[in-house]
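Before any comments, here is the structure.
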Amino acid sequence: MDIRQLRYFLEVARLSNFTKAAESLRIAQPAVSMAVKKLEEELDLVLFNRQDKKVSLTAEGEIFLSHARRIMDDLRGAELEMAELKGLSRGEVRIGITPMISAYFFPDIFRDFKRSYPQLSISVLGEGSGRIQKMIGDGELDMGVVAGGGSAAFPATLEVRRFLREEIVVCVPLDHPFAGRQAVTLAEFIGEPLVFYKEGYYIREFFLEALKGTGSAPRIIFETNLFSLVKSLVRNGTGISIFLKMVVAEDTDLAAVSFDPPLHLNLLIAWKKDTYLSLANRAFVDFLLEHAPGEREGGAAVAPLYIGSSNSISLPAIFLGGRT
C-alpha cells in the first residue's frame with residue numbers, strides 16, 4: 001500500500017466515478033483503476049461496488065475510507081510541520097466562509113491581518129455553513145466559519161471558537177407596517193409573505209429551528225441563496241425577510257426590526273479536532289479571536305466564547321517575525 005493508492009482511492013470515493021476521479025487527478029483513467037484494483041488485491045477486500053458505470057463504497061470500503069482519510073490528514077500535518085521547522089516565512093490561510101458574512105464582516109479583518117502578516121496569502125471559499133462543516137470533516141478544507149444558536153451542537157470531530165454573536169433582524173421596506181415598530185413577534189413575522197433562503201443556509205435552519213413547537217409554518221413565497229436578490233425583493237415589496245443585523249445596517253432604504261424576544265446567532269471559527277493546523281492558519285485564528293468584537297451589549301465588547309478544548313492557540317516566535 002502506498003500514498004498514491006490512498007489518494008486515488010479517496011478521490012474515487014469522493015466523486016463516485018473513476019473517470020471523474022482521473023480528470024480531477026489529471027491522470028489517465030486506467031491508471032486510477034489499476035491502482036485501486038491493486039489496493040484491493042493487497043487488502044484482499046473489495047472496496048467499491050462497480051455496476052452499470054455507478055461506483056459506490058462497499059461496507060469494507062466505508063470502513064477503510066475513515067482510515068485513509070486519517071492517514072492522509074496525518075501525512076499532510078507532518079509535511080506542514082516539517083516545512084515550518086525550516087523557518088519558512090510564507091504560507092497560506094485556507095478558510096471557508098458563508099457568503100452573507102464574508103462581504104460585511106471579514107473585509108476589514110482580512111485587510112488588517114494582511115498588514116500584520118504580509119508574507120501570508122489568503123484563499124477563501126464561499127459555501128453554506130453545513131457544507132463547510134462537511135468539507136472540514138472530509139479534509140477538503142482546513143477551517144471555516146460555522147453558525148449556530150446558543151445551544152447548537154457541533155460534531156465531536158470539530159474544534160470551534162466563537163468570535164461573534166450577531167442579532168437576526170426582520171428586514172422590511174420603509175413603507176411596510178413593521179418599519180415603525182421597535183420589535184415584532186415570530187407569529188407576526190411568519191404571517192407575512194417571506195423571501196427566504198434555500199435549505200443548507202445557516203440562517204434558514206436556525207430560524208426554522210426557532211419555530212419548532214409553535215405549530216406554525218412560515219409563508220415562504222420565494223427562495224434563493226443570493227442575499228443581494230433577497231434585499232432587492234424586499235425593497236420592491238415582493239415580501240419581507242431576515243438578515244444578520246450587520247448586513248442591513250447601512251441600507252437606508254430598508255428597515256431593520258428586532259424580534260420579540262430577540263434572536264441571536266453565534267458565528268464560530270472551526271477546524272478538524274486532533275488535526276495539525278498550520279502556523280498560517282493558527283495565526284489567522286488567533287488574530288480573528290483577538291480582533292473580533294465577540295458580542296456587544298450596551299456598547300461593551302464581550303470576550304469570545306471558547307467551545308471544546310480549553311487549550312489556547314499560541315504561535316512560536318519562529319513564525320511571528322519578531323512579533324511578541
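Simple scheme: letters A, B, ... for chains in C-alpha cells order, numbers from 1 for residues in each chain, numbers from 1 for ligands in the order shown.
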If you run DSSP on the backbone, which residues of region 15-159 of chain A are strand (DSSP E), as number ranges by chain?
A: 48-51, 54-57, 91-97, 120-126, 143-148, 158-159
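The environment of region 63-75 of chain A within 10 Å, counting only C-alpha atoms and disregarding residues fewer than 2 places along the same chain, consists of Ile3, Gln5, Leu6, Arg7, Phe9, Leu10, Ala13, Arg14, Leu43, Leu47, Leu57, Thr58, Ala59, Glu60, Gly61, Gly77, Ala78, Glu79, Leu80, Glu81, Gly137, Asp138, Gly139, Lys272, Asp274, Thr275 and Tyr276 of chain A.
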Would you save the residues from that selection as a compact mmCIF listing (two decimals), in the first residue's frame, using C-alpha atoms?
```txt
# COMPACT_ATOMS: atom_id res chain seq x y z
CA ILE A 3 0.21 7.07 -0.63
CA GLN A 5 -3.11 4.39 -3.98
CA LEU A 6 -4.76 6.06 -0.99
CA ARG A 7 -5.03 9.36 -2.85
CA PHE A 9 -8.99 5.69 -3.60
CA LEU A 10 -10.14 8.83 -1.77
CA ALA A 13 -14.82 7.66 -3.17
CA ARG A 14 -15.42 11.42 -3.20
CA LEU A 43 -6.08 -5.82 1.25
CA LEU A 47 -13.68 -1.60 -1.70
CA LEU A 57 -18.28 2.03 -1.48
CA THR A 58 -18.81 -1.44 -0.08
CA ALA A 59 -19.20 -1.90 3.69
CA GLU A 60 -15.47 -2.67 3.80
CA GLY A 61 -14.76 0.39 1.68
CA GLY A 77 0.17 17.53 9.00
CA ALA A 78 3.65 16.01 9.07
CA GLU A 79 4.60 17.74 5.82
CA LEU A 80 3.37 21.11 7.13
CA GLU A 81 5.08 20.76 10.48
CA GLY A 137 -14.69 16.78 8.31
CA ASP A 138 -13.73 15.28 4.96
CA GLY A 139 -10.37 17.05 4.92
CA LYS A 272 -10.92 19.43 12.50
CA ASP A 274 -6.82 16.43 16.57
CA THR A 275 -5.55 17.51 13.14
CA TYR A 276 -2.44 19.61 12.65
```
From the DSSP assignment of the backbone, select every residue of region 67-173 of chain A that is alpha helix (DSSP H), and format the answer as a PyMOL selection string.
chain A and resi 67-85+99-102+106-116+129-137
Export, as a PDB file, in the first residue's frame, the selected residues with C-alpha atoms.
```pdb
ATOM      1  CA  HIS A  67      -8.601   5.107   7.907  1.00  0.00           C
ATOM      2  CA  ALA A  68      -7.447   6.505   4.552  1.00  0.00           C
ATOM      3  CA  ARG A  69      -8.625   9.992   5.475  1.00  0.00           C
ATOM      4  CA  ARG A  70      -6.834   9.837   8.797  1.00  0.00           C
ATOM      5  CA  ILE A  71      -3.609   8.662   7.157  1.00  0.00           C
ATOM      6  CA  MET A  72      -3.729  11.495   4.608  1.00  0.00           C
ATOM      7  CA  ASP A  73      -4.520  14.056   7.335  1.00  0.00           C
ATOM      8  CA  ASP A  74      -1.533  12.845   9.347  1.00  0.00           C
ATOM      9  CA  LEU A  75       0.703  12.927   6.276  1.00  0.00           C
ATOM     10  CA  ARG A  76      -0.309  16.462   5.393  1.00  0.00           C
ATOM     11  CA  GLY A  77       0.170  17.528   9.001  1.00  0.00           C
ATOM     12  CA  ALA A  78       3.652  16.010   9.068  1.00  0.00           C
ATOM     13  CA  GLU A  79       4.599  17.742   5.818  1.00  0.00           C
ATOM     14  CA  LEU A  80       3.369  21.109   7.132  1.00  0.00           C
ATOM     15  CA  GLU A  81       5.081  20.763  10.484  1.00  0.00           C
ATOM     16  CA  MET A  82       8.381  19.676   8.948  1.00  0.00           C
ATOM     17  CA  ALA A  83       8.267  22.568   6.476  1.00  0.00           C
ATOM     18  CA  GLU A  84       7.608  25.020   9.290  1.00  0.00           C
ATOM     19  CA  LEU A  85      10.541  23.683  11.289  1.00  0.00           C
ATOM     20  CA  PRO A  99     -21.361  34.415   1.588  1.00  0.00           C
ATOM     21  CA  MET A 100     -23.510  36.741   3.714  1.00  0.00           C
ATOM     22  CA  ILE A 101     -20.943  37.377   6.433  1.00  0.00           C
ATOM     23  CA  SER A 102     -17.957  37.325   4.077  1.00  0.00           C
ATOM     24  CA  PHE A 106     -14.392  39.853   7.008  1.00  0.00           C
ATOM     25  CA  PRO A 107     -13.037  42.506   4.576  1.00  0.00           C
ATOM     26  CA  ASP A 108     -11.627  44.611   7.430  1.00  0.00           C
ATOM     27  CA  ILE A 109     -10.339  41.504   9.225  1.00  0.00           C
ATOM     28  CA  PHE A 110      -8.526  40.376   6.050  1.00  0.00           C
ATOM     29  CA  ARG A 111      -7.079  43.848   5.463  1.00  0.00           C
ATOM     30  CA  ASP A 112      -5.724  44.149   8.993  1.00  0.00           C
ATOM     31  CA  PHE A 113      -4.443  40.561   9.000  1.00  0.00           C
ATOM     32  CA  LYS A 114      -2.506  41.171   5.771  1.00  0.00           C
ATOM     33  CA  ARG A 115      -0.963  44.280   7.291  1.00  0.00           C
ATOM     34  CA  SER A 116       0.228  42.220  10.251  1.00  0.00           C
ATOM     35  CA  SER A 129     -22.363  26.554   6.975  1.00  0.00           C
ATOM     36  CA  GLY A 130     -23.458  22.924   6.640  1.00  0.00           C
ATOM     37  CA  ARG A 131     -21.307  22.358   3.586  1.00  0.00           C
ATOM     38  CA  ILE A 132     -18.314  23.956   5.323  1.00  0.00           C
ATOM     39  CA  GLN A 133     -18.697  21.566   8.269  1.00  0.00           C
ATOM     40  CA  LYS A 134     -18.734  18.589   5.916  1.00  0.00           C
ATOM     41  CA  MET A 135     -15.696  19.797   3.946  1.00  0.00           C
ATOM     42  CA  ILE A 136     -13.692  20.254   7.146  1.00  0.00           C
ATOM     43  CA  GLY A 137     -14.691  16.782   8.310  1.00  0.00           C
TER      44      GLY A 137
END
```
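Our summary of the geometry notes that CA of Leu254 (chain A) is positioned 5.6 Å from CA of Leu174 (chain A).
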What's around Thr19 (chain A) at 9 Å? Count only C-alpha atoms, leave out sequence neighbours fewer than 3 positions away in its own chain, and write the answer as an MDAnalysis selection string.
chainID A and resid 12 22:24 28:30 32
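The space separating CA of Arg165 (chain A) from CA of Glu92 (chain A) comes to 27.1 Å.
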